[in-house]
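Asker: Pasting protein.cif below, which is mmCIF, C-alpha atoms and all ligand atoms.
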data_upload
loop_
_atom_site.label_atom_id
_atom_site.label_comp_id
_atom_site.auth_asym_id
_atom_site.auth_seq_id
_atom_site.Cartn_x
_atom_site.Cartn_y
_atom_site.Cartn_z
CA MET A 1 0.00 0.00 0.00
CA ARG A 2 1.15 3.47 -0.92
CA LEU A 3 0.49 6.19 1.64
CA ASP A 4 0.97 9.92 1.07
CA VAL A 5 0.67 12.45 3.90
CA VAL A 6 0.67 16.23 3.44
CA SER A 7 1.35 18.39 6.52
CA ILE A 8 3.01 21.66 7.59
CA PHE A 9 4.64 19.57 10.34
CA PRO A 10 6.16 16.60 8.45
CA ASP A 11 8.32 15.70 11.47
CA TYR A 12 5.05 14.93 13.34
CA LEU A 13 4.85 11.78 11.21
CA ALA A 14 8.35 10.57 12.24
CA PRO A 15 6.86 7.96 14.63
CA LEU A 16 5.72 6.09 11.52
CA ASP A 17 9.39 5.12 11.07
CA LEU A 18 9.23 3.16 14.33
CA SER A 19 7.97 -0.25 15.45
CA LEU A 20 5.77 -2.40 13.23
CA ILE A 21 4.90 0.33 10.75
CA GLY A 22 8.58 1.18 10.33
CA LYS A 23 9.34 -2.52 9.82
CA ALA A 24 6.53 -2.76 7.25
CA ARG A 25 8.05 0.18 5.40
CA ARG A 26 11.48 -1.43 5.39
CA GLU A 27 9.95 -4.68 4.13
CA GLY A 28 8.11 -2.88 1.35
CA LEU A 29 4.62 -3.66 2.66
CA VAL A 30 3.97 0.05 3.18
CA ASP A 31 5.34 2.81 0.92
CA LEU A 32 4.96 6.04 2.90
CA HIS A 33 5.69 9.49 1.49
CA VAL A 34 5.40 12.60 3.68
CA HIS A 35 5.14 15.98 1.95
CA ASP A 36 5.65 19.45 3.48
CA LEU A 37 2.76 21.69 2.41
CA ARG A 38 5.09 24.70 2.55
CA ASP A 39 7.05 23.22 -0.38
CA PHE A 40 4.02 24.15 -2.49
CA THR A 41 4.05 27.86 -1.60
CA HIS A 42 5.84 30.51 -3.65
CA ASP A 43 6.23 33.50 -1.35
CA ARG A 44 9.23 34.33 0.79
CA HIS A 45 7.39 33.45 4.00
CA ARG A 46 6.02 30.18 2.60
CA THR A 47 2.52 31.26 3.66
CA VAL A 48 -0.11 28.54 4.05
CA ASP A 49 -2.89 30.46 5.82
CA ASP A 50 -4.92 33.64 5.59
CA THR A 51 -7.80 35.39 7.35
CA PRO A 52 -11.29 33.86 7.02
CA TYR A 53 -13.87 35.41 4.67
CA GLY A 54 -16.82 36.49 6.78
CA GLY A 55 -14.54 37.32 9.71
CA GLY A 56 -14.09 35.30 12.87
CA ALA A 57 -11.17 34.16 14.96
CA GLY A 58 -8.22 32.20 13.66
CA MET A 59 -6.83 31.57 10.20
CA VAL A 60 -7.86 29.32 7.29
CA MET A 61 -5.49 27.22 5.19
CA ARG A 62 -5.14 28.70 1.69
CA PRO A 63 -6.39 26.58 -1.22
CA GLU A 64 -3.48 27.22 -3.62
CA PRO A 65 -0.77 25.26 -1.76
CA TRP A 66 -3.20 22.41 -1.11
CA GLY A 67 -4.18 22.25 -4.76
CA GLU A 68 -0.57 22.09 -5.88
CA ALA A 69 0.36 19.61 -3.15
CA LEU A 70 -2.46 17.23 -4.06
CA ASP A 71 -1.65 17.60 -7.78
CA HIS A 72 1.91 16.56 -6.93
CA VAL A 73 0.75 13.62 -4.79
CA VAL A 74 -1.51 12.31 -7.57
CA ALA A 75 1.16 12.71 -10.28
CA ALA A 76 4.01 11.21 -8.24
CA GLY A 77 1.90 8.42 -6.81
CA ALA A 78 0.33 7.45 -10.12
CA ALA A 79 3.78 6.95 -11.59
CA ALA A 80 4.67 4.67 -8.67
CA VAL A 81 1.35 2.83 -8.34
CA GLY A 82 0.89 2.43 -12.08
CA GLY A 83 -1.93 4.88 -12.53
CA GLY A 84 -5.17 5.69 -10.74
CA VAL A 85 -5.83 8.12 -7.92
CA PRO A 86 -5.63 7.84 -4.13
CA HIS A 87 -8.51 7.72 -1.69
CA LEU A 88 -8.07 11.07 0.08
CA VAL A 89 -8.67 10.99 3.83
CA VAL A 90 -9.01 14.34 5.58
CA PRO A 91 -9.18 14.14 9.39
CA GLY A 92 -11.56 16.64 10.99
CA PRO A 93 -13.71 16.91 14.13
CA GLY A 94 -16.76 17.20 11.90
CA GLY A 95 -16.01 14.00 10.00
CA ARG A 96 -17.60 10.57 10.08
CA PRO A 97 -16.31 8.50 13.01
CA PHE A 98 -13.15 6.57 12.13
CA THR A 99 -13.96 2.99 13.16
CA GLN A 100 -12.38 -0.44 12.92
CA GLU A 101 -14.79 -1.19 10.09
CA LEU A 102 -13.53 1.87 8.18
CA ALA A 103 -9.94 0.85 8.96
CA ARG A 104 -10.66 -2.55 7.40
CA GLU A 105 -12.22 -0.93 4.31
CA LEU A 106 -9.33 1.51 3.88
CA ALA A 107 -6.79 -1.29 4.38
CA GLN A 108 -8.15 -2.81 1.17
CA GLN A 109 -7.20 0.29 -0.85
CA PRO A 110 -3.93 0.25 -2.84
CA TRP A 111 -3.28 3.98 -2.25
CA LEU A 112 -4.34 6.42 0.44
CA ALA A 113 -3.51 10.11 0.79
CA PHE A 114 -3.97 12.03 4.05
CA ALA A 115 -4.37 15.82 4.26
CA CYS A 116 -3.43 17.20 7.69
CA GLY A 117 -5.23 20.46 8.32
CA ARG A 118 -4.30 23.06 10.90
CA TYR A 119 -5.64 26.42 12.14
CA GLU A 120 -9.44 26.65 11.65
CA GLY A 121 -9.29 24.15 8.81
CA ILE A 122 -8.72 23.94 5.04
CA ASP A 123 -10.56 26.17 2.52
CA GLU A 124 -13.69 24.18 1.56
CA ARG A 125 -12.95 24.54 -2.15
CA VAL A 126 -10.00 22.16 -1.72
CA TYR A 127 -12.44 19.38 -0.76
CA ASP A 128 -14.79 20.30 -3.64
CA GLU A 129 -11.95 20.30 -6.16
CA ALA A 130 -10.47 17.04 -4.85
CA ARG A 131 -13.86 15.28 -5.04
CA GLU A 132 -13.85 15.88 -8.79
CA HIS A 133 -10.70 13.78 -9.11
CA MET A 134 -10.69 11.18 -6.30
CA PRO A 135 -12.76 9.69 -3.46
CA VAL A 136 -12.64 11.97 -0.42
CA SER A 137 -13.52 10.93 3.16
CA VAL A 138 -13.59 13.38 6.04
CA LEU A 139 -13.09 11.27 9.18
CA SER A 140 -12.97 12.06 12.88
CA LEU A 141 -10.86 10.29 15.48
CA GLY A 142 -13.37 11.03 18.21
CA ASP A 143 -15.61 13.61 19.85
CA TYR A 144 -12.92 15.94 21.16
CA VAL A 145 -10.93 18.74 19.51
CA LEU A 146 -7.28 18.48 18.50
CA ASN A 147 -5.18 21.32 17.06
CA GLY A 148 -4.61 19.62 13.73
CA GLY A 149 -4.87 16.44 11.72
CA GLU A 150 -1.40 14.93 12.32
CA VAL A 151 -2.24 13.03 15.53
CA ALA A 152 -5.32 11.64 13.83
CA VAL A 153 -3.28 10.51 10.81
CA LEU A 154 -0.78 8.73 13.07
CA ALA A 155 -3.65 6.80 14.65
CA MET A 156 -5.43 6.11 11.37
CA VAL A 157 -2.27 4.95 9.58
CA GLU A 158 -1.42 2.58 12.46
CA ALA A 159 -4.99 1.20 12.61
CA ILE A 160 -5.05 0.68 8.82
CA ALA A 161 -1.48 -0.51 8.19
CA ARG A 162 -1.61 -3.19 10.93
CA LEU A 163 -4.42 -4.87 8.98
CA ILE A 164 -2.27 -5.26 5.85
CA PRO A 165 -1.29 -8.95 5.52
CA GLY A 166 2.24 -9.52 6.78
CA VAL A 167 2.50 -6.35 8.88
CA ILE A 168 1.47 -8.08 12.10
CA GLY A 169 3.55 -11.28 12.24
CA ASN A 170 0.86 -13.41 13.84
CA ALA A 171 -2.48 -12.76 12.13
CA GLU A 172 -4.05 -14.65 15.05
CA SER A 173 -3.49 -11.59 17.22
CA LEU A 174 -5.88 -9.62 15.01
CA VAL A 175 -8.73 -11.90 16.07
CA GLU A 176 -10.73 -11.27 19.26
CA GLU A 177 -9.43 -7.72 19.48
CA SER A 178 -11.64 -4.96 20.77
CA HIS A 179 -13.96 -3.67 18.05
CA GLU A 180 -12.91 -6.44 15.65
CA ASP A 181 -16.06 -8.46 16.29
CA GLY A 182 -18.22 -6.19 18.41
CA LEU A 183 -16.77 -7.07 21.84
CA LEU A 184 -13.92 -5.64 23.91
CA GLU A 185 -10.79 -7.72 24.47
CA TYR A 186 -10.40 -10.12 27.42
CA PRO A 187 -7.91 -9.45 30.30
CA VAL A 188 -4.40 -10.80 29.73
CA TYR A 189 -1.78 -12.10 32.21
CA THR A 190 1.82 -13.28 32.07
CA LYS A 191 4.55 -14.39 34.52
CA PRO A 192 5.13 -14.21 37.45
CA PRO A 193 2.18 -16.32 38.67
CA VAL A 194 1.95 -14.14 41.80
CA TRP A 195 2.82 -10.44 41.76
CA ARG A 196 2.53 -8.26 44.87
CA GLY A 197 0.28 -10.90 46.36
CA ARG A 198 -1.98 -11.07 43.31
CA GLY A 199 -2.43 -14.38 41.48
CA ILE A 200 -4.07 -15.03 38.12
CA PRO A 201 -7.39 -16.73 37.25
CA GLU A 202 -6.95 -20.47 37.91
CA VAL A 203 -8.61 -21.46 34.63
CA LEU A 204 -5.66 -19.96 32.74
CA LEU A 205 -3.34 -22.47 34.45
CA SER A 206 -5.70 -25.42 33.86
CA GLY A 207 -4.59 -26.34 30.36
CA HIS A 208 -8.28 -26.86 29.46
CA HIS A 209 -8.41 -24.90 26.19
CA GLY A 210 -12.20 -25.13 25.95
CA GLN A 211 -12.66 -23.78 29.48
CA ILE A 212 -10.07 -21.06 28.82
CA ALA A 213 -11.87 -20.05 25.61
CA ARG A 214 -15.19 -19.98 27.49
CA TRP A 215 -13.68 -17.87 30.30
CA ARG A 216 -12.18 -15.43 27.80
CA ARG A 217 -15.45 -15.11 25.93
CA ASP A 218 -17.35 -14.50 29.16
CA GLU A 219 -14.81 -11.88 30.20
CA ARG A 220 -15.24 -10.11 26.86
CA LEU A 221 -18.99 -10.05 27.35
CA ARG A 222 -18.67 -8.86 30.97
CA ARG A 223 -16.23 -6.09 30.07
CA THR A 224 -18.29 -4.94 27.10
CA ALA A 225 -21.47 -4.84 29.22
CA GLN A 226 -19.62 -2.90 31.93
CA ARG A 227 -17.65 -0.41 29.79
CA ARG A 228 -19.48 -0.23 26.46
CA PRO A 229 -23.16 -1.22 26.86
CA ASP A 230 -23.78 0.53 23.53
CA MET A 231 -21.62 -2.07 21.78
CA LEU A 232 -23.45 -4.91 23.50
CA ALA A 233 -26.80 -3.49 22.42
CA ALA A 234 -25.54 -3.39 18.81
CA LEU A 235 -24.41 -7.03 18.84
CA ASP A 236 -26.24 -9.47 16.60
CA PRO A 237 -27.70 -12.06 19.05
CA ALA A 238 -27.25 -14.76 16.39
CA ALA A 239 -23.51 -14.03 16.31
CA LEU A 240 -23.52 -14.24 20.11
CA ASP A 241 -25.11 -17.72 19.98
CA GLU A 242 -22.59 -18.72 17.32
CA ARG A 243 -19.82 -17.60 19.62
CA ASP A 244 -21.31 -19.88 22.28
CA ARG A 245 -21.22 -22.85 19.94
CA ALA A 246 -17.62 -22.01 19.00
CA VAL A 247 -16.19 -22.43 22.55
C1 LIG A 301 -9.38 23.60 16.74
N1 LIG A 301 -9.58 24.10 15.39
C2 LIG A 301 -10.81 24.88 15.25
C3 LIG A 301 -12.07 24.03 15.21
C4 LIG A 301 -11.96 22.96 14.11
C5 LIG A 301 -10.68 22.18 14.31
C6 LIG A 301 -9.48 23.07 14.35
C7 LIG A 301 -8.21 22.25 14.57
N2 LIG A 301 -7.97 21.35 13.44
C8 LIG A 301 -7.50 21.79 12.26
C9 LIG A 301 -7.41 20.68 11.42
C10 LIG A 301 -7.85 19.55 12.13
C11 LIG A 301 -8.00 18.19 11.83
C12 LIG A 301 -8.52 17.32 12.77
C13 LIG A 301 -8.91 17.80 14.03
C14 LIG A 301 -9.57 16.91 15.01
N3 LIG A 301 -9.98 17.34 16.21
N4 LIG A 301 -10.61 16.33 16.86
C15 LIG A 301 -10.62 15.24 16.09
N5 LIG A 301 -11.18 14.01 16.43
C16 LIG A 301 -9.96 15.56 14.91
C17 LIG A 301 -9.77 14.59 13.88
N6 LIG A 301 -9.66 13.72 13.11
C18 LIG A 301 -8.73 19.15 14.36
C19 LIG A 301 -8.21 20.02 13.41
#
Just give me the structure of the file as structure tokens.
Answerer:
Amino acid sequence: MRLDVVSIFPDYLAPLDLSLIGKARREGLVDLHVHDLRDFTHDRHRTVDDTPYGGGAGMVMRPEPWGEALDHVVAAGAAAVGGGVPHLVVPGPGGRPFTQELARELAQQPWLAFACGRYEGIDERVYDEAREHMPVSVLSLGDYVLNGGEVAVLAMVEAIARLIPGVIGNAESLVEESHEDGLLEYPVYTKPPVWRGRGIPEVLLSGHHGQIARWRRDERLRRTAQRRPDMLAALDPAALDERDRAV
């Protein structure tokens, strides 16, 4: 998968050189290109913002640099991907919620581009223009306000890239994760068997895989009911019964 990210803070994306995503890049599973929006300005101060029409506090990101930056992304990426256009993802507090389901859908795409806004946001005409050339999704990380899109892109790229086959060594660990199948994850334990006077659930030492699976499933249900009753309410009861039969 090719990933392009445009930001006025390209160094914000440096963490994508680390850990599993960095390894995926080195192994060629992920081809990440970060672009500095200011490279697409032409004035001495490399200006990317201006005052809002209609007044109001703050500044708005100018359309010209964004237009040139996205033109560059499409041209450079097409040459590398063998044609086509990216799916453009623009993080924003007013976007559709970014969910595991969306991460799975986006992980199927061959090429994603991310536009990191700042200030009060990006001139709306950039979205309108982009929609004439590529799919555009405005997505929100959650119901709180950040200062820009970079943190959201770090989270989205990690959530998406880890689903690409080969990125996570053991695909098994992608199963029974929170939000993967509608339930939260079960509690996990490792050595020592007693720590500061606290032991671990006996069933985990029993060697009975069926009982362990049942315990884990019950813990997932208990945790989901306790912490995310909304998720439990959304569960398909048939799938729940199926889960029963599976353990
Ligand atoms: C504060 N400032 C004036 C109000 C509007 C937002 C603006 C800041 N800002 C600019 C670009 C930008 C992109 C994403 C987000 C963002 N916030 N919360 C999320 N879940 C986000 C996502 N995903 C915030 C951004």
Asker: Determine, counting only C-alpha atoms, which protein, DNA and RNA residues have an atom within 8 Å of an atom of segment 213-217 of chain A; residues of the same chain fewer than 4 positions away are not included. Present the result as a ChimeraX atom specification.
Answerer: /A:186-187,203,209,221,247
Asker: Please check which protein, DNA or RNA residues sit within 6 Å of ligand LIG 301 (chain A), counting only C-alpha atoms and all ligand atoms, and write them as a ChimeraX atom specification.
Answerer: /A:91-93,117-121,139-149,152
Asker: Under the rule that only C-alpha atoms are counted, which of A:Ile122, A:Leu88, A:Ala103, A:Ala130 is the nearest residue to Asp50 of chain A?
Answerer: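 Among A:Ile122, A:Leu88, A:Ala103, A:Ala130, it is A:Ile122 that comes nearest to Asp50 of chain A.
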Asker: To one decimal place, how far is atom CA of Arg131 of chain A from atom CA of Ala14 of chain A in Å?
Answerer: 28.5 Å
Asker: Any idea what the distance is between atom CA of Met59 of chain A and atom CA of Ala113 of chain A?
Answerer: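 Those two atoms sit 23.7 Å apart.
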Asker: Rank nothing, just name the residue among A:Gly182, A:Gln109, A:Gly94, A:Gly67 nearest to Pro237 of chain A, using all atoms listed in the file.
Answerer: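 Checking each candidate against Pro237 of chain A, we get A:Gly182 as the closest.
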Asker: So, with only C-alpha atoms as the atoms that count, which of A:Val157, A:Leu106, A:Val85, A:Val126 lies closest to Val60 of chain A?
Answerer: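 Ranked by minimum distance to Val60 of chain A, first place goes to A:Val126.
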Asker: Nearest to Leu235 of chain A: which of A:His35, A:Arg62, A:His179, A:Lys191 is it, counting only C-alpha atoms?
Answerer: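 Checking each of A:His35, A:Arg62, A:His179, A:Lys191 against Leu235 of chain A, counting only C-alpha atoms, the winner is A:His179.
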Asker: A:Gly77, A:Tyr12, A:Gly56, A:His133: which is nearest Trp111 of chain A, counting all atoms listed in the file?
Answerer: A:Gly77
Asker: Find, counting all atoms listed in the file, the residue in A:Val89, A:Leu154, A:Ile200, A:Leu102 that gets nearest to Asp17 of chain A.
Answerer: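 Ranking A:Val89, A:Leu154, A:Ile200, A:Leu102 by distance to Asp17 of chain A, first place goes to A:Leu154.
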Asker: Do you have the atom CA of Asp36 of chain A-atom CA of Glu132 of chain A distance handy?
Answerer: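 Result for atom CA of Asp36 of chain A versus atom CA of Glu132 of chain A: 23.3 Å, one decimal.
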Asker: For Leu70 of chain A, work out the shell of residues within 10 Å, counting only C-alpha atoms and skipping chain neighbours fewer than 4 positions away, then give it as a PyMOL selection string.
Answerer: chain A and resi 4-6+35+37+40+65-66+74-76+86+88+113-115+126+130
Asker: Find the residues near Thr190 of chain A: any atom within 12 Å, counting only C-alpha atoms, skip ones fewer than 6 places away on the same chain, and give them as a list in words.
Answerer: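 Here the answer would be Gly199, Ile200, Pro201, Leu204 and Leu205 of chain A.
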Asker: Just to be explicit: take each residue in the selection above, keep C-alpha atoms, and write the result as a PDB file, keeping the file's coordinate frame.
Answerer:
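again-v3.pdb, freshly written:
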ATOM      1  CA  GLY A 199      -2.430 -14.380  41.480  1.00  0.00           C
ATOM      2  CA  ILE A 200      -4.070 -15.030  38.120  1.00  0.00           C
ATOM      3  CA  PRO A 201      -7.390 -16.730  37.250  1.00  0.00           C
ATOM      4  CA  LEU A 204      -5.660 -19.960  32.740  1.00  0.00           C
ATOM      5  CA  LEU A 205      -3.340 -22.470  34.450  1.00  0.00           C
TER       6      LEU A 205
END
